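As provided, input07.cif (mmCIF, C-alpha atoms) reads as follows.
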```
data_my_file
#
loop_
_atom_site.label_atom_id
_atom_site.label_comp_id
_atom_site.auth_asym_id
_atom_site.auth_seq_id
_atom_site.Cartn_x
_atom_site.Cartn_y
_atom_site.Cartn_z
CA MET F 154 0.00 0.00 0.00
CA GLU F 155 2.87 2.37 0.72
CA TRP F 156 4.41 1.77 -2.68
CA LEU F 157 1.02 2.10 -4.37
CA SER F 158 0.40 5.36 -2.53
CA PHE F 159 3.84 6.61 -3.55
CA ALA F 160 3.27 5.75 -7.23
CA VAL F 161 -0.20 7.29 -7.36
CA ARG F 162 0.92 10.42 -5.52
CA TRP F 163 3.72 11.14 -7.99
CA THR F 164 1.51 10.30 -10.96
CA HIS F 165 -0.92 12.88 -9.60
CA VAL F 166 1.83 15.48 -9.12
CA ILE F 167 3.22 15.00 -12.63
CA ALA F 168 -0.23 15.03 -14.24
CA GLY F 169 -1.12 18.17 -12.28
CA ILE F 170 2.04 19.92 -13.46
CA ALA F 171 1.15 19.03 -17.06
CA TRP F 172 -2.42 20.28 -16.60
CA ILE F 173 -1.49 23.57 -14.96
CA GLY F 174 1.41 24.07 -17.34
CA SER F 175 -0.72 23.64 -20.46
CA SER F 176 -3.40 25.92 -19.00
CA PHE F 177 -0.87 28.67 -18.28
CA TYR F 178 0.61 28.24 -21.75
CA PHE F 179 -2.73 28.81 -23.45
CA ILE F 180 -3.50 31.79 -21.23
CA ALA F 181 -0.18 33.34 -22.27
CA LEU F 182 -0.89 32.41 -25.89
CA ASP F 183 -4.29 34.11 -25.82
CA LEU F 184 -2.80 37.25 -24.30
CA GLY F 185 -0.16 37.41 -27.03
CA LEU F 186 -2.46 36.98 -30.05
CA ARG F 187 -2.31 39.76 -32.63
CA LYS F 188 -4.55 40.70 -35.53
CA THR F 189 -2.60 41.16 -38.75
CA PRO F 190 -3.67 41.91 -42.35
CA SER F 191 -2.45 38.49 -43.46
CA LEU F 192 -4.84 36.57 -41.18
CA PRO F 193 -7.32 34.19 -42.84
CA PRO F 194 -10.90 35.53 -42.83
CA LEU F 195 -12.13 33.41 -39.90
CA ALA F 196 -8.99 33.68 -37.74
CA HIS F 197 -9.13 35.64 -34.50
CA GLY F 198 -5.42 36.25 -34.11
CA GLU F 199 -1.94 34.83 -34.55
CA GLU F 200 1.37 34.65 -32.75
CA TRP F 201 4.93 33.72 -33.66
CA GLN F 202 6.94 31.91 -31.00
CA VAL F 203 10.49 30.64 -30.79
CA HIS F 204 11.49 27.64 -28.71
CA GLY F 205 14.02 24.83 -28.87
CA GLY F 206 15.81 26.25 -31.88
CA GLY F 207 12.68 26.52 -34.03
CA PHE F 208 9.86 28.92 -34.86
CA TYR F 209 6.16 28.23 -34.32
CA HIS F 210 3.37 30.04 -36.14
CA ILE F 211 0.05 29.73 -34.30
CA GLN F 212 -3.36 30.98 -35.42
CA LYS F 213 -6.52 30.90 -33.33
CA TYR F 214 -10.07 30.49 -34.61
CA LEU F 215 -12.81 31.42 -32.15
CA VAL F 216 -15.21 28.90 -33.67
CA ALA F 217 -13.44 26.81 -36.32
CA PRO F 218 -11.54 27.05 -39.62
CA GLU F 219 -13.34 26.43 -42.89
CA PHE F 220 -12.19 22.80 -42.97
CA LEU F 221 -11.19 20.12 -40.46
CA PRO F 222 -7.39 19.82 -40.20
CA GLU F 223 -5.97 16.42 -41.04
CA HIS F 224 -4.21 16.22 -37.67
CA LEU F 225 -5.88 17.55 -34.53
CA THR F 226 -4.40 17.50 -31.01
CA TRP F 227 -6.89 17.41 -28.15
CA PHE F 228 -5.93 18.98 -24.82
CA LYS F 229 -8.00 16.98 -22.36
CA TRP F 230 -5.95 14.10 -21.00
CA GLU F 231 -3.98 16.33 -18.63
CA SER F 232 -7.14 17.18 -16.72
CA TYR F 233 -8.51 13.64 -16.88
CA PHE F 234 -5.33 12.02 -15.58
CA THR F 235 -4.96 14.63 -12.85
CA TRP F 236 -8.48 14.03 -11.57
CA LEU F 237 -8.33 10.23 -11.88
CA SER F 238 -4.97 9.93 -10.13
CA GLY F 239 -6.15 12.34 -7.43
CA PHE F 240 -9.32 10.37 -6.85
CA VAL F 241 -7.37 7.12 -6.61
CA MET F 242 -5.11 8.77 -4.04
CA LEU F 243 -8.21 9.96 -2.14
CA VAL F 244 -9.47 6.37 -2.02
CA ILE F 245 -6.13 4.86 -0.98
CA VAL F 246 -5.21 7.41 1.70
CA TYR F 247 -8.49 8.82 3.00
CA TYR F 248 -11.07 6.10 2.34
CA PHE F 249 -8.95 3.04 3.19
CA GLY F 250 -7.38 5.00 6.05
CA ALA F 251 -10.56 6.76 7.15
CA ASP F 252 -9.88 6.19 10.86
CA LEU F 253 -6.52 7.92 10.61
CA PHE F 254 -6.98 10.67 8.03
CA LEU F 255 -10.65 11.24 7.17
CA ILE F 256 -12.65 11.06 10.39
CA ASP F 257 -11.89 13.04 13.52
CA ARG F 258 -14.13 11.75 16.34
CA HIS F 259 -13.67 15.05 18.18
CA VAL F 260 -15.14 16.92 15.19
CA LEU F 261 -17.95 14.55 14.17
CA ASP F 262 -18.33 11.00 15.40
CA VAL F 263 -19.68 9.14 12.36
CA PRO F 264 -18.95 5.69 10.93
CA ASN F 265 -16.29 5.50 8.26
CA TRP F 266 -18.82 4.59 5.59
CA ALA F 267 -20.87 7.69 6.42
CA GLY F 268 -17.82 9.92 6.10
CA ILE F 269 -16.99 8.38 2.74
CA LEU F 270 -20.55 8.90 1.48
CA ILE F 271 -20.44 12.53 2.62
CA SER F 272 -17.16 12.95 0.79
CA LEU F 273 -18.48 11.48 -2.46
CA GLY F 274 -21.77 13.35 -2.21
CA SER F 275 -20.08 16.71 -1.68
CA ILE F 276 -17.92 16.19 -4.77
CA VAL F 277 -20.95 15.51 -6.95
CA VAL F 278 -23.00 18.34 -5.41
CA GLY F 279 -20.14 20.78 -6.03
CA TRP F 280 -20.28 20.18 -9.78
CA TYR F 281 -24.06 20.60 -9.97
CA VAL F 282 -23.93 23.82 -7.95
CA TYR F 283 -21.26 25.21 -10.27
CA ASP F 284 -23.07 24.07 -13.41
CA GLY F 285 -26.33 25.56 -12.12
CA LEU F 286 -24.66 28.90 -11.42
CA CYS F 287 -23.19 29.00 -14.92
CA LYS F 288 -26.57 28.29 -16.50
CA SER F 289 -28.35 30.85 -14.31
CA PRO F 290 -28.45 34.62 -14.99
CA ILE F 291 -25.39 34.90 -12.74
CA GLY F 292 -23.42 32.99 -15.36
CA ASN F 293 -23.85 35.86 -17.84
CA SER F 294 -21.49 37.97 -15.73
CA THR F 295 -17.94 36.77 -15.19
CA GLY F 296 -17.59 39.05 -12.15
CA GLY F 297 -20.88 37.91 -10.68
CA LEU F 298 -19.96 34.27 -11.20
CA MET F 299 -16.59 34.78 -9.50
CA VAL F 300 -18.27 36.29 -6.44
CA ALA F 301 -20.84 33.49 -6.32
CA LEU F 302 -18.13 30.83 -6.58
CA PHE F 303 -16.12 32.52 -3.83
CA VAL F 304 -19.16 32.24 -1.57
CA VAL F 305 -19.71 28.60 -2.56
CA LEU F 306 -16.09 27.69 -1.85
CA THR F 307 -16.13 29.52 1.49
CA VAL F 308 -19.29 27.72 2.57
CA ALA F 309 -17.87 24.38 1.40
CA ALA F 310 -14.65 24.95 3.35
CA TYR F 311 -16.61 25.77 6.51
CA LEU F 312 -18.87 22.73 6.17
CA TYR F 313 -15.90 20.44 5.57
CA THR F 314 -14.33 21.58 8.85
CA LEU F 315 -17.55 20.54 10.64
CA VAL F 316 -17.34 17.00 9.27
CA PHE F 317 -13.75 15.91 8.62
CA SER F 318 -10.33 16.19 10.19
CA GLY F 319 -8.42 19.38 9.44
CA ARG F 320 -6.19 17.64 6.93
CA ALA F 321 -9.13 15.97 5.18
CA ALA F 322 -11.13 19.22 5.13
CA MET F 323 -8.39 21.07 3.25
CA LEU F 324 -7.79 18.09 0.96
CA HIS F 325 -11.47 18.05 0.05
CA MET F 326 -11.32 21.68 -1.02
CA GLY F 327 -8.79 20.57 -3.62
CA VAL F 328 -11.01 17.67 -4.67
CA PHE F 329 -14.05 19.98 -4.76
CA THR F 330 -12.46 22.54 -7.09
CA ALA F 331 -10.57 19.99 -9.22
CA THR F 332 -13.78 18.06 -9.84
CA ILE F 333 -15.49 21.22 -11.05
CA MET F 334 -12.59 21.96 -13.38
CA ALA F 335 -12.21 18.44 -14.77
CA ALA F 336 -15.98 17.97 -15.16
CA ASN F 337 -16.10 21.30 -16.98
CA VAL F 338 -13.65 19.89 -19.50
CA ALA F 339 -15.36 16.49 -19.80
CA MET F 340 -18.99 17.63 -19.80
CA ILE F 341 -18.95 21.09 -21.39
CA ILE F 342 -15.82 22.01 -23.31
CA ILE F 343 -14.97 18.70 -25.02
CA PRO F 344 -18.60 17.83 -26.00
CA ASN F 345 -18.95 21.30 -27.58
CA GLN F 346 -15.68 20.83 -29.43
CA LYS F 347 -16.83 17.42 -30.67
CA ILE F 348 -19.98 19.04 -32.05
CA VAL F 349 -17.80 21.52 -33.92
CA VAL F 350 -15.65 18.68 -35.31
CA GLY F 351 -18.79 16.77 -36.33
CA ASP F 352 -20.14 19.81 -38.18
CA LEU F 353 -16.87 20.24 -40.04
CA LYS F 354 -16.83 16.57 -41.02
CA ALA F 355 -20.37 16.95 -42.35
CA GLY F 356 -19.34 19.94 -44.44
CA ALA F 357 -21.28 22.47 -42.37
CA TYR F 358 -19.92 25.48 -40.51
CA PRO F 359 -20.41 25.09 -36.74
CA THR F 360 -22.87 27.17 -34.74
CA PRO F 361 -20.95 30.11 -33.17
CA SER F 362 -22.49 29.38 -29.76
CA MET F 363 -20.44 26.16 -29.61
CA ALA F 364 -17.31 28.27 -29.20
CA ARG F 365 -18.33 29.42 -25.74
CA SER F 366 -20.28 27.98 -22.83
CA PRO F 367 -22.96 29.80 -20.76
CA SER F 368 -20.26 31.87 -19.10
CA SER F 369 -16.95 32.86 -20.59
CA ALA F 370 -15.33 31.60 -17.39
CA ARG F 371 -16.32 28.05 -18.29
CA SER F 372 -14.28 28.03 -21.46
CA THR F 373 -11.22 29.48 -19.73
CA THR F 374 -11.21 27.29 -16.65
CA THR F 375 -8.80 24.91 -18.29
CA THR F 376 -8.02 23.22 -21.56
#
```

Rendering of file as structure tokens:
Amino acid sequence: MEWLSFAVRWTHVIAGIAWIGSSFYFIALDLGLRKTPSLPPLAHGEEWQVHGGGFYHIQKYLVAPEFLPEHLTWFKWESYFTWLSGFVMLVIVYYFGADLFLIDRHVLDVPNWAGILISLGSIVVGWYVYDGLCKSPIGNSTGGLMVALFVVLTVAAYLYTLVFSGRAAMLHMGVFTATIMAANVAMIIIPNQKIVVGDLKAGAYPTPSMARSPSSARSTTTT
């Protein structure tokens, strides 16, 4: 179990570095995009970069180009592997070792199985609360959504401290937010992108609404 925990922990760390790194890269890329006279009609901007002894020419389309490229790289596995490895680590450390790390009898004296169910339930509820906020009128305002999410996270942190040990409470804040981010990729961003790819394959230009989710924050949470 110790070796398994060690392997999963470092898989999670490496996957997380890849996820955060790619997210920061695309944020920097978006900030550096420029509009030039030579841009194709549907392109939003372009950027030249130099790295590793070579030059890269990158163009961004807010919806899609006129045709589907022959080779397409999907940025999704970083988030999937980060969440999956993190969840496995949660099971190994906090569910199998609930008496030591998850439950604090001085905070709330509940059976291990009850603590585990609370943990799983809170993770699922967190996603639905976030998704509901994005689809509500609040989701039309990035600033309003940020304030609402700050309140949600503060309430979640307080409730976790009433149920779990201090270590588990803070750990669950990471699980809570990471689940929202990974589910956003799996259930909103990637399905929309697959619709765009399907339209291009069928010879039709995608609906512009597929380029953004109910709130602009959803499409920038992560790649």

When the PyMOL selection byres ((chain F and resi 239) around 8) is applied to the file above, which residues end up in the set, as a count of residues only? 12

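Here CA of Ser158 in chain F and CA of Val244 in chain F stand 9.9 Å from one another.
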
Find the distance between CA of Val308 in chain F and CA of Gly279 in chain F and write it in Å to one decimal.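 Distance between the two atoms: 11.1 Å.
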
Would you compute the distance between CA of His325 in chain F and CA of Val260 in chain F? Give it in Å to one decimal.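 These two atoms are separated by 15.6 Å.
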
Here is a test: counting all atoms listed in the file, which residue of F:Ile211, F:Val278, F:Leu306, F:Leu324 is nearest to Leu182 in chain F?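 Of the candidates, the smallest distance to Leu182 in chain F is held by F:Ile211.
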
Which polymer residues have any atom within 10 Å of an atom of Lys229 in chain F, counting all atoms listed in the file, with same-chain residues fewer than 4 positions away left out, as number ranges by chain? F: 172, 233-234, 335, 338-339, 342-343, 375-376

Identify all residues satisfying the PyMOL selection byres ((chain F and resi 215) around 7) in the given file; provide them as an mmCIF file with C-alpha atoms, keeping the file's coordinate frame.
```cif
data_model
loop_
_atom_site.group_PDB
_atom_site.id
_atom_site.type_symbol
_atom_site.label_atom_id
_atom_site.label_comp_id
_atom_site.auth_asym_id
_atom_site.auth_seq_id
_atom_site.Cartn_x
_atom_site.Cartn_y
_atom_site.Cartn_z
ATOM 1 C CA HIS F 197 -9.130 35.640 -34.500
ATOM 2 C CA LYS F 213 -6.520 30.900 -33.330
ATOM 3 C CA TYR F 214 -10.070 30.490 -34.610
ATOM 4 C CA VAL F 216 -15.210 28.900 -33.670
ATOM 5 C CA ALA F 217 -13.440 26.810 -36.320
ATOM 6 C CA ALA F 364 -17.310 28.270 -29.200
#
```

Considering all atoms listed in the file, return as a list in words whatever protein or nucleic-acid residues lie within 9 Å of Phe254 in chain F, sequence-local ones (same chain, fewer than 3 positions apart) excluded. Val246, Tyr247, Tyr248, Gly250, Ala251, Asp257, Phe317, Ser318, Gly319, Arg320 and Ala321 of chain F

Of the candidates F:Ile245, F:Val166, F:Ala322, F:Val316, which one gets nearest to Arg258 in chain F if we count only C-alpha atoms? F:Val316

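The nearest approach to Ile167 in chain F among the residues F:Gln212, F:Ser275, F:Ser191, F:Ser232, with all atoms listed in the file taken into account, belongs to F:Ser232.
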
So, counting only C-alpha atoms, which residue among F:Leu286, F:Ile180, F:Met326, F:Met334 is closest to Val300 in chain F? F:Leu286

Reference answer for the PyMOL selection byres ((chain F and resi 298) around 10), as a list of chain:residue names: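 For this structure, the PyMOL selection byres ((chain F and resi 298) around 10) resolves to F:Tyr283, F:Leu286, F:Cys287, F:Ser289, F:Pro290, F:Ile291, F:Gly292, F:Asn293, F:Ser294, F:Thr295, F:Gly296, F:Gly297, F:Met299, F:Val300, F:Ala301, F:Leu302, F:Phe303, F:Val304, F:Ser368, F:Ser369, F:Ala370.
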
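Using only C-alpha atoms for every distance, the candidate list F:Phe228, F:Ser272, F:Phe329, F:Trp280 yields F:Phe228 as the residue closest to Gly174 in chain F.
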
When you look at Leu184 in chain F with a cut-off of 10 Å (counting all atoms listed in the file), what residues show up, excluding the ones that are within fewer than 5 positions of it in the same chain? I need them as number ranges by chain. F: 178-179, 200
